[in-house]
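Reproduced below: start_9.cif, with mmCIF, C-alpha atoms.
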```cif
data_run
loop_
_atom_site.label_atom_id
_atom_site.label_comp_id
_atom_site.auth_asym_id
_atom_site.auth_seq_id
_atom_site.Cartn_x
_atom_site.Cartn_y
_atom_site.Cartn_z
CA MET A 15 60.65 -67.82 31.57
CA GLU A 16 58.75 -69.34 28.68
CA ILE A 17 58.21 -65.89 27.17
CA ASP A 18 61.91 -64.97 27.44
CA VAL A 19 62.89 -68.18 25.69
CA GLN A 20 60.34 -67.46 22.96
CA LYS A 21 61.66 -63.89 22.57
CA GLY A 22 65.22 -65.22 22.32
CA LEU A 23 64.22 -67.71 19.62
CA LEU A 24 62.40 -65.02 17.64
CA ALA A 25 65.36 -62.60 17.89
CA ALA A 26 67.78 -65.31 16.68
CA ASN A 27 65.36 -66.14 13.86
CA GLU A 28 65.12 -62.47 12.89
CA ARG A 29 68.89 -62.22 12.43
CA LEU A 30 68.93 -65.21 10.07
CA ALA A 31 65.83 -63.92 8.26
CA GLN A 32 67.72 -60.68 7.56
CA GLU A 33 70.60 -62.70 6.12
CA ASN A 34 68.14 -64.50 3.85
CA ARG A 35 66.57 -61.19 2.85
CA SER A 36 69.97 -59.75 1.88
CA LEU A 37 70.77 -62.85 -0.14
CA PHE A 38 67.43 -62.62 -1.99
CA ALA A 39 67.99 -58.90 -2.66
CA ARG A 40 71.46 -59.54 -4.11
CA SER A 41 69.94 -62.07 -6.54
CA GLY A 42 66.96 -59.82 -7.34
CA LEU A 43 64.76 -62.74 -6.30
CA PHE A 44 61.09 -62.45 -5.27
CA VAL A 45 60.25 -64.90 -2.48
CA VAL A 46 56.73 -65.78 -1.32
CA ASN A 47 55.97 -67.53 1.97
CA ILE A 48 52.65 -69.38 1.63
CA MET A 49 50.82 -70.28 4.84
CA SER A 50 47.49 -71.89 5.84
CA GLY A 51 45.94 -74.50 8.09
CA PRO A 52 46.30 -78.17 7.08
CA GLY A 53 44.43 -79.14 3.93
CA ALA A 54 43.53 -75.63 2.73
CA GLY A 55 45.01 -76.46 -0.68
CA LYS A 56 48.49 -74.91 -0.72
CA THR A 57 50.09 -77.72 -2.72
CA THR A 58 47.23 -77.91 -5.24
CA LEU A 59 47.52 -74.14 -5.75
CA LEU A 60 51.26 -74.49 -6.31
CA GLU A 61 50.88 -77.43 -8.71
CA ARG A 62 48.59 -75.36 -10.93
CA THR A 63 50.77 -72.25 -10.54
CA CYS A 64 53.89 -74.14 -11.62
CA GLU A 65 52.03 -75.75 -14.54
CA THR A 66 50.87 -72.34 -15.76
CA LEU A 67 53.86 -70.08 -15.07
CA ALA A 68 56.88 -72.39 -15.44
CA ALA A 69 57.09 -71.76 -19.20
CA ARG A 70 57.68 -68.03 -18.70
CA LEU A 71 59.27 -67.85 -15.24
CA ASN A 72 62.16 -69.66 -13.60
CA ILE A 73 60.46 -70.96 -10.44
CA ALA A 74 61.72 -73.02 -7.50
CA VAL A 75 59.77 -74.32 -4.51
CA ILE A 76 60.68 -75.17 -0.92
CA GLU A 77 58.18 -77.53 0.70
CA GLY A 78 57.83 -77.56 4.50
CA ASP A 79 56.25 -80.58 6.21
CA LEU A 80 56.65 -82.47 9.46
CA GLN A 81 57.32 -85.67 7.54
CA THR A 82 57.26 -87.17 4.00
CA SER A 83 58.45 -85.73 0.69
CA GLU A 84 55.04 -86.18 -0.97
CA ASP A 85 54.52 -82.45 -1.62
CA ALA A 86 57.97 -81.89 -3.15
CA GLU A 87 57.33 -84.87 -5.44
CA ARG A 88 53.98 -83.39 -6.54
CA ILE A 89 55.72 -80.12 -7.46
CA ALA A 90 58.71 -81.83 -9.11
CA ALA A 91 56.21 -83.72 -11.30
CA LYS A 92 55.33 -80.33 -12.80
CA GLY A 93 58.95 -79.90 -13.91
CA VAL A 94 59.87 -77.40 -11.17
CA HIS A 95 62.90 -77.76 -8.88
CA ALA A 96 61.47 -78.52 -5.43
CA VAL A 97 63.30 -79.17 -2.16
CA GLN A 98 61.59 -80.73 0.84
CA ILE A 99 62.29 -79.57 4.40
CA ASN A 100 61.11 -82.02 7.07
CA THR A 101 60.77 -80.29 10.43
CA GLY A 102 60.48 -83.52 12.46
CA GLY A 103 57.91 -82.47 15.01
CA GLY A 104 58.32 -78.74 14.32
CA CYS A 105 55.09 -76.86 13.59
CA HIS A 106 56.59 -74.11 11.39
CA LEU A 107 59.54 -73.32 9.15
CA ASP A 108 62.21 -70.95 10.45
CA ALA A 109 64.83 -68.82 8.74
CA LYS A 110 67.62 -71.31 9.51
CA MET A 111 65.80 -74.21 7.83
CA VAL A 112 65.22 -72.07 4.74
CA GLN A 113 68.88 -70.98 4.73
CA GLY A 114 69.89 -74.64 4.66
CA ALA A 115 67.60 -75.38 1.72
CA LEU A 116 68.84 -72.39 -0.33
CA LYS A 117 72.13 -74.21 -1.03
CA SER A 118 70.18 -76.45 -3.43
CA PHE A 119 69.36 -73.58 -5.81
CA ASP A 120 71.19 -71.22 -8.14
CA LEU A 121 69.43 -68.12 -6.81
CA ASP A 122 70.76 -65.84 -9.56
CA ALA A 123 69.04 -67.99 -12.19
CA LEU A 124 65.62 -67.85 -10.49
CA ASP A 125 62.77 -65.35 -10.93
CA LEU A 126 60.52 -66.65 -8.17
CA LEU A 127 61.01 -68.79 -5.06
CA ILE A 128 57.87 -70.08 -3.36
CA ILE A 129 58.09 -71.45 0.19
CA GLU A 130 55.16 -73.62 1.27
CA ASN A 131 55.08 -73.49 5.07
CA VAL A 132 53.87 -76.25 7.44
CA GLY A 133 50.07 -76.51 7.58
CA ASN A 134 49.29 -74.45 10.69
CA LEU A 135 47.32 -71.20 11.10
CA VAL A 136 49.25 -70.17 14.24
CA CYS A 137 53.04 -70.46 14.57
CA PRO A 138 54.24 -69.89 10.97
CA ALA A 139 52.88 -66.32 11.22
CA ALA A 140 55.41 -65.52 13.97
CA PHE A 141 58.55 -66.65 12.11
CA ASP A 142 60.03 -64.37 9.46
CA LEU A 143 61.85 -66.36 6.76
CA GLY A 144 63.25 -63.31 4.98
CA GLU A 145 60.53 -63.54 2.31
CA SER A 146 59.42 -60.64 0.08
CA ALA A 147 55.71 -61.31 0.70
CA ARG A 148 53.48 -63.45 2.90
CA VAL A 149 50.40 -65.04 1.37
CA MET A 150 47.80 -67.01 3.30
CA LEU A 151 45.13 -69.43 2.13
CA LEU A 152 41.78 -69.90 3.83
CA SER A 153 39.50 -72.56 2.36
CA THR A 154 35.72 -72.22 2.42
CA PRO A 155 35.04 -75.39 4.49
CA GLU A 156 37.15 -73.97 7.35
CA GLY A 157 34.51 -71.36 8.19
CA ASP A 158 34.21 -67.60 7.87
CA GLU A 159 35.06 -66.65 11.49
CA LYS A 160 38.75 -67.58 11.13
CA PRO A 161 40.11 -63.99 10.90
CA ILE A 162 38.87 -63.16 14.40
CA LYS A 163 40.07 -66.49 15.83
CA TYR A 164 43.54 -66.51 14.22
CA PRO A 165 44.26 -62.76 13.85
CA LEU A 166 48.07 -62.82 13.69
CA MET A 167 48.07 -64.79 10.43
CA PHE A 168 45.71 -62.25 8.86
CA THR A 169 47.72 -59.32 10.27
CA ARG A 170 50.98 -60.57 8.81
CA SER A 171 49.74 -61.49 5.31
CA GLN A 172 49.77 -59.14 2.32
CA LEU A 173 47.41 -61.36 0.34
CA LEU A 174 44.55 -63.60 1.45
CA ILE A 175 43.58 -66.26 -1.08
CA ILE A 176 40.15 -67.72 -0.34
CA ASN A 177 40.35 -71.22 -1.83
CA LYS A 178 37.85 -74.03 -2.56
CA MET A 179 35.27 -71.68 -4.03
CA ASP A 180 33.94 -74.79 -5.84
CA LEU A 181 32.55 -75.90 -2.43
CA LEU A 182 30.85 -72.60 -1.62
CA ASP A 183 27.34 -73.95 -2.29
CA TYR A 184 27.84 -76.81 0.18
CA VAL A 185 29.35 -75.02 3.18
CA ASP A 186 28.41 -72.17 5.51
CA PHE A 187 30.85 -69.51 4.36
CA ASP A 188 30.10 -65.87 3.67
CA VAL A 189 32.89 -64.32 1.56
CA LYS A 190 31.77 -60.79 2.46
CA ARG A 191 31.90 -61.63 6.17
CA VAL A 192 35.52 -62.87 5.85
CA GLU A 193 36.49 -59.80 3.86
CA GLY A 194 34.98 -57.56 6.53
CA TYR A 195 36.80 -59.30 9.38
CA ALA A 196 40.11 -59.49 7.50
CA LYS A 197 40.09 -55.82 6.45
CA LYS A 198 39.25 -54.77 10.01
CA ILE A 199 42.31 -56.63 11.31
CA ASN A 200 44.55 -55.65 8.40
CA PRO A 201 43.16 -52.80 6.26
CA GLY A 202 45.91 -53.23 3.64
CA ILE A 203 45.30 -56.92 2.98
CA GLU A 204 44.39 -57.84 -0.62
CA ILE A 205 41.86 -60.62 -1.11
CA ILE A 206 41.19 -62.90 -4.07
CA THR A 207 38.87 -65.91 -4.41
CA VAL A 208 39.91 -69.04 -6.31
CA SER A 209 39.40 -72.72 -6.75
CA ALA A 210 42.84 -74.23 -7.17
CA LYS A 211 41.06 -77.47 -8.10
CA THR A 212 38.94 -76.15 -11.01
CA GLY A 213 41.19 -73.18 -11.89
CA GLU A 214 38.43 -70.60 -11.25
CA GLY A 215 39.89 -67.20 -10.34
CA MET A 216 43.52 -68.29 -10.65
CA GLU A 217 44.30 -65.40 -13.07
CA GLY A 218 43.86 -63.06 -10.09
CA TRP A 219 46.65 -64.86 -8.26
CA TYR A 220 48.92 -64.98 -11.32
CA GLY A 221 48.24 -61.26 -11.87
CA TRP A 222 49.16 -60.45 -8.27
CA LEU A 223 52.40 -62.48 -8.53
CA THR A 224 53.54 -61.15 -11.88
CA GLY A 225 52.67 -57.60 -10.78
CA LYS A 226 55.02 -57.99 -7.82
CA LEU A 227 57.75 -59.43 -10.06
CA GLU A 228 57.47 -56.55 -12.55
CA LYS A 229 57.70 -53.99 -9.74
CA LYS A 230 60.86 -55.73 -8.56
CA SER A 231 62.68 -55.79 -11.91
CA MET B 16 69.34 -75.70 23.39
CA GLU B 17 65.92 -75.38 21.81
CA ILE B 18 65.34 -79.12 22.35
CA ASP B 19 66.34 -78.94 26.05
CA VAL B 20 63.93 -76.05 26.61
CA GLN B 21 61.19 -77.99 24.86
CA LYS B 22 61.95 -81.08 27.02
CA GLY B 23 61.82 -78.95 30.17
CA LEU B 24 58.47 -77.45 29.19
CA LEU B 25 57.04 -80.89 28.45
CA ALA B 26 58.32 -82.31 31.78
CA ALA B 27 56.78 -79.39 33.71
CA ASN B 28 53.55 -79.88 31.79
CA GLU B 29 53.54 -83.60 32.58
CA ARG B 30 53.68 -82.95 36.34
CA LEU B 31 50.65 -80.65 36.15
CA ALA B 32 48.84 -83.09 33.86
CA GLN B 33 49.31 -85.77 36.52
CA GLU B 34 47.77 -83.43 39.12
CA ASN B 35 44.79 -82.89 36.81
CA ARG B 36 44.49 -86.63 36.24
CA SER B 37 44.44 -87.31 40.03
CA LEU B 38 41.79 -84.64 40.48
CA PHE B 39 39.62 -86.14 37.72
CA ALA B 40 40.05 -89.64 39.22
CA ARG B 41 38.97 -88.45 42.70
CA SER B 42 35.78 -87.01 41.15
CA GLY B 43 35.19 -90.08 38.99
CA LEU B 44 35.13 -87.71 36.02
CA PHE B 45 35.67 -88.73 32.39
CA VAL B 46 37.57 -86.05 30.47
CA VAL B 47 37.95 -85.91 26.69
CA ASN B 48 40.53 -83.74 24.91
CA ILE B 49 39.27 -82.97 21.38
CA MET B 50 41.83 -81.90 18.80
CA SER B 51 41.91 -81.06 15.07
CA GLY B 52 43.15 -78.53 12.55
CA PRO B 53 41.26 -75.21 12.27
CA GLY B 54 37.75 -75.51 10.90
CA ALA B 55 37.40 -79.30 11.05
CA GLY B 56 34.13 -78.91 12.96
CA LYS B 57 34.98 -79.43 16.64
CA THR B 58 32.54 -76.80 17.94
CA THR B 59 29.70 -77.95 15.66
CA LEU B 60 30.25 -81.53 16.90
CA LEU B 61 30.14 -80.31 20.50
CA GLU B 62 27.01 -78.21 19.96
CA ARG B 63 25.13 -81.24 18.66
CA THR B 64 26.62 -83.49 21.36
CA CYS B 65 25.52 -81.12 24.14
CA GLU B 66 22.05 -80.78 22.59
CA THR B 67 21.64 -84.56 22.49
CA LEU B 68 23.32 -85.71 25.71
CA ALA B 69 22.77 -82.83 28.16
CA ALA B 70 19.37 -84.22 29.24
CA ARG B 71 20.93 -87.43 30.56
CA LEU B 72 24.50 -86.39 31.42
CA ASN B 73 25.98 -83.55 33.43
CA ILE B 74 28.40 -82.07 30.89
CA ALA B 75 30.82 -79.16 31.04
CA VAL B 76 33.06 -77.81 28.29
CA ILE B 77 36.39 -75.96 28.25
CA GLU B 78 36.97 -74.05 25.01
CA GLY B 79 40.52 -73.28 23.92
CA ASP B 80 41.13 -70.51 21.39
CA LEU B 81 43.81 -67.91 20.70
CA GLN B 82 41.20 -65.15 21.00
CA THR B 83 37.43 -64.55 21.31
CA SER B 84 34.81 -66.31 23.42
CA GLU B 85 32.66 -67.17 20.40
CA ASP B 86 32.94 -70.94 20.86
CA ALA B 87 32.09 -70.88 24.58
CA GLU B 88 29.04 -68.78 23.76
CA ARG B 89 27.92 -71.29 21.12
CA ILE B 90 28.16 -74.10 23.70
CA ALA B 91 26.54 -72.08 26.50
CA ALA B 92 23.60 -71.46 24.13
CA LYS B 93 22.97 -75.22 24.36
CA GLY B 94 22.51 -74.90 28.14
CA VAL B 95 25.90 -76.36 29.03
CA HIS B 96 28.40 -74.71 31.37
CA ALA B 97 31.29 -73.60 29.15
CA VAL B 98 34.50 -71.78 30.09
CA GLN B 99 36.71 -70.10 27.52
CA ILE B 100 40.50 -70.21 27.74
CA ASN B 101 42.25 -67.64 25.53
CA THR B 102 45.86 -68.62 24.92
CA GLY B 103 46.91 -65.21 23.52
CA GLY B 104 49.25 -66.32 20.78
CA GLY B 105 49.64 -69.86 22.18
CA CYS B 106 49.03 -72.63 19.66
CA HIS B 107 47.85 -75.31 22.12
CA LEU B 108 46.33 -75.76 25.57
CA ASP B 109 48.57 -76.98 28.37
CA ALA B 110 47.86 -78.64 31.72
CA LYS B 111 48.31 -75.39 33.65
CA MET B 112 45.68 -73.53 31.61
CA VAL B 113 43.23 -76.38 32.14
CA GLN B 114 44.01 -76.43 35.87
CA GLY B 115 43.11 -72.74 36.04
CA ALA B 116 39.79 -73.31 34.28
CA LEU B 117 38.81 -76.24 36.54
CA LYS B 118 38.10 -73.82 39.40
CA SER B 119 34.95 -72.76 37.53
CA PHE B 120 33.35 -76.20 37.86
CA ASP B 121 31.99 -78.46 40.60
CA LEU B 122 33.85 -81.53 39.34
CA ASP B 123 32.01 -83.95 41.68
CA ALA B 124 28.70 -82.96 40.10
CA LEU B 125 29.89 -83.63 36.52
CA ASP B 126 29.75 -86.82 34.44
CA LEU B 127 31.72 -85.59 31.48
CA LEU B 128 34.18 -82.77 30.84
CA ILE B 129 35.03 -82.02 27.22
CA ILE B 130 38.06 -79.89 26.39
CA GLU B 131 38.15 -78.39 22.90
CA ASN B 132 41.78 -77.70 22.09
CA VAL B 133 43.15 -74.91 19.85
CA GLY B 134 42.70 -75.67 16.13
CA ASN B 135 46.09 -77.10 15.24
CA LEU B 136 47.08 -80.57 14.01
CA VAL B 137 50.61 -80.34 15.45
CA CYS B 138 51.38 -78.97 18.93
CA PRO B 139 48.27 -79.99 20.92
CA ALA B 140 49.26 -83.64 20.37
CA ALA B 141 52.44 -83.10 22.43
CA PHE B 142 50.79 -81.60 25.54
CA ASP B 143 49.08 -83.94 28.01
CA LEU B 144 46.23 -82.19 29.82
CA GLY B 145 45.52 -85.07 32.22
CA GLU B 146 42.57 -86.17 30.07
CA SER B 147 41.04 -89.67 30.11
CA ALA B 148 40.95 -89.91 26.32
CA ARG B 149 42.15 -88.03 23.27
CA VAL B 150 39.86 -87.70 20.27
CA MET B 151 40.80 -86.12 16.96
CA LEU B 152 38.70 -84.84 14.10
CA LEU B 153 39.73 -84.91 10.47
CA SER B 154 37.31 -83.35 7.99
CA THR B 155 36.95 -84.67 4.43
CA PRO B 156 37.99 -81.41 2.65
CA GLU B 157 41.37 -81.55 4.43
CA GLY B 158 42.50 -84.51 2.33
CA ASP B 159 43.18 -88.19 2.95
CA GLU B 160 46.97 -88.05 3.24
CA LYS B 161 46.90 -86.27 6.62
CA PRO B 162 47.83 -89.31 8.78
CA ILE B 163 51.21 -89.64 7.07
CA LYS B 164 51.86 -85.88 7.19
CA TYR B 165 50.79 -85.29 10.83
CA PRO B 166 51.53 -88.69 12.42
CA LEU B 167 51.88 -87.64 16.09
CA MET B 168 48.25 -86.52 16.30
CA PHE B 169 47.09 -89.89 14.93
CA THR B 170 49.49 -91.81 17.21
CA ARG B 171 48.23 -90.06 20.34
CA SER B 172 44.47 -90.32 19.67
CA GLN B 173 42.25 -93.18 20.81
CA LEU B 174 39.44 -92.17 18.46
CA LEU B 175 39.51 -90.59 15.00
CA ILE B 176 36.26 -88.93 13.97
CA ILE B 177 36.11 -88.32 10.23
CA ASN B 178 33.78 -85.31 9.93
CA LYS B 179 32.00 -83.50 7.05
CA MET B 180 30.87 -86.74 5.42
CA ASP B 181 28.14 -84.59 3.81
CA LEU B 182 30.90 -83.15 1.56
CA LEU B 183 32.32 -86.53 0.51
CA ASP B 184 30.84 -86.35 -3.01
CA TYR B 185 32.49 -82.98 -3.67
CA VAL B 186 36.05 -83.58 -2.42
CA ASP B 187 38.90 -85.99 -3.15
CA PHE B 188 38.86 -88.08 0.01
CA ASP B 189 39.06 -91.88 0.25
CA VAL B 190 37.84 -93.03 3.68
CA LYS B 191 39.49 -96.45 3.24
CA ARG B 192 42.82 -94.78 2.45
CA VAL B 193 42.68 -92.73 5.67
CA GLU B 194 41.72 -95.79 7.69
CA GLY B 195 44.66 -97.70 6.20
CA TYR B 196 47.17 -94.94 6.99
CA ALA B 197 45.78 -94.29 10.48
CA LYS B 198 45.76 -97.98 11.50
CA LYS B 199 49.31 -98.39 10.22
CA ILE B 200 50.47 -95.52 12.46
CA ASN B 201 48.25 -96.49 15.40
CA PRO B 202 46.78 -100.01 15.14
CA GLY B 203 44.56 -99.45 18.20
CA ILE B 204 42.85 -96.30 16.91
CA GLU B 205 39.07 -96.49 16.56
CA ILE B 206 37.50 -94.68 13.61
CA ILE B 207 33.99 -93.39 13.04
CA THR B 208 32.53 -91.26 10.23
CA VAL B 209 30.03 -88.48 10.89
CA SER B 210 28.56 -85.25 9.66
CA ALA B 211 28.22 -83.02 12.69
CA LYS B 212 26.23 -80.66 10.45
CA THR B 213 23.54 -83.12 9.30
CA GLY B 214 23.78 -85.50 12.29
CA GLU B 215 24.71 -88.50 10.11
CA GLY B 216 26.67 -91.11 12.10
CA MET B 217 26.59 -89.18 15.38
CA GLU B 218 25.16 -92.22 17.26
CA GLY B 219 28.56 -93.87 16.75
CA TRP B 220 30.21 -91.02 18.66
CA TYR B 221 27.58 -90.98 21.41
CA GLY B 222 27.93 -94.77 21.72
CA TRP B 223 31.71 -94.47 22.05
CA LEU B 224 31.39 -91.76 24.71
CA THR B 225 28.69 -93.45 26.80
CA GLY B 226 30.56 -96.76 26.54
CA LYS B 227 33.61 -95.11 28.10
CA LEU B 228 31.46 -93.52 30.82
CA GLU B 229 29.81 -96.84 31.70
CA LYS B 230 33.20 -98.55 31.92
CA LYS B 231 34.31 -95.84 34.31
CA SER B 232 31.37 -96.03 36.69
#
```
Output the file's structure in the form of structure tokens.
Amino acid sequence: MEIDVQKGLLAANERLAQENRSLFARSGLFVVNIMSGPGAGKTTLLERTCETLAARLNIAVIEGDLQTSEDAERIAAKGVHAVQINTGGGCHLDAKMVQGALKSFDLDALDLLIIENVGNLVCPAAFDLGESARVMLLSTPEGDEKPIKYPLMFTRSQLLIINKMDLLDYVDFDVKRVEGYAKKINPGIEIITVSAKTGEGMEGWYGWLTGKLEKKS
Amino acid sequence: MEIDVQKGLLAANERLAQENRSLFARSGLFVVNIMSGPGAGKTTLLERTCETLAARLNIAVIEGDLQTSEDAERIAAKGVHAVQINTGGGCHLDAKMVQGALKSFDLDALDLLIIENVGNLVCPAAFDLGESARVMLLSTPEGDEKPIKYPLMFTRSQLLIINKMDLLDYVDFDVKRVEGYAKKINPGIEIITVSAKTGEGMEGWYGWLTGKLEKKS
């Protein structure tokens, strides 16, 4: 019974995700769904991204959290239009929640919409939001065995950003080991290493993003 | 509809949790449900705990993960009976899964059963397993705003273990700020700081555990 209910929810979500996808296509908008466990540094990455790219790109952000509007405020402080979705107890965003938030934006005027999902390495991977690309963060203190323990997230992501490289000397984390595991699960996954805190390696992420945008236009 | 289904699942879970609780009471067994986000250090904490306490206590461990039996093997290497539950895609343990795993143990012979939940700061908090106490880990690299962003986990836990204190000098994490937030959400919550990696502060955790066991017997 539980599985049927889950299948029904996913099928309903898929229909709305397709609606979102059509809407994004009509506006020529590139949409990134950013996922990770709690505290991997999604918001810090986005703060720096907005700071750096907002002068040349029209960016908007949707922030997903169980509670609070702290993350949307951090992004808005960078001069970028940010809308907060509070899921209540919900452990992931779904296509319907995103559809509701889209009303806040003039999609035709945007180049890039970034959706920061709820901090959770499991459920967000199962819910399509209609995005153009899925990006996941893994931070070095979380450990290098995560691809084999949370495979769906790694399967579904086009880009893996390994964050908190500034802590690499203080934690047990072998970048090569993660790359090996991730590529075994998802041979097509691209991988870049950054420190969103210090800025190290961030050009790789900006390059990936702007490459996708150029392909689109 | 989605909410009714969720309510039904939780009610069914609660009945099985009560069965587990009765079973634990009949065996005079103390059962701890340990929860955290991915990579906060639950398994490292348990490895050290088993190493230190297994000589004087009869301990068993249930390991919850989406996939792999890596964690159960790490615990078994410490000479403690460990059973792995793989949830498939499931983002939390439930009372039924735990009930299934209990068949592997002679409950009357045990002093302490530790259940390591799936790495997830959201859903595990909603599912009673019949445990005697709920303990959560928050690691310093995850950030000090987590209590206000994931309040249910902090509300439901009797003990908050702040882990990875060895990284405190390298991350932005104010212990007092976390304590303030956590106590505001759950005034009764106890808080200890440790590094499961270096062993710093672990006596506080052992003291908490053995205190609960003495109260019980």
Between CA of Val209 (chain B) and CA of Asn178 (chain B), distance in Å (one decimal): 5.0 Å
Check: which chain A residues lie within 6 Å of chain B using all atoms listed in the file, as a VMD selection string: chain A and resid 53 81 105 136 156 to 157 163
Matched chain/residue IDs from the PyMOL selection byres ((chain B and resi 35-47) around 7), as a VMD selection string: chain B and resid 31 to 34 48 to 49 114 122 to 123 125 to 130 145 to 150 228
Protein, DNA and RNA residues within 9 Å of (60.2, -76.2, -9.7), only C-alpha atoms, as a list in words: Cys64, Ala68, Asn72, Ile73, Ala74, Val75, Ile76, Ala86, Ile89, Ala90, Ala91, Lys92, Gly93, Val94, His95, Ala96, Val97 and Leu127 of chain A
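From CA of Ser209 (chain A) back to CA of Met179 (chain A), the distance works out to 5.1 Å.
Using only C-alpha atoms, the nearest neighbour of Trp222 (chain A) within the list A:Arg191, A:Gln172, A:Met111, A:Asp142 is A:Gln172.
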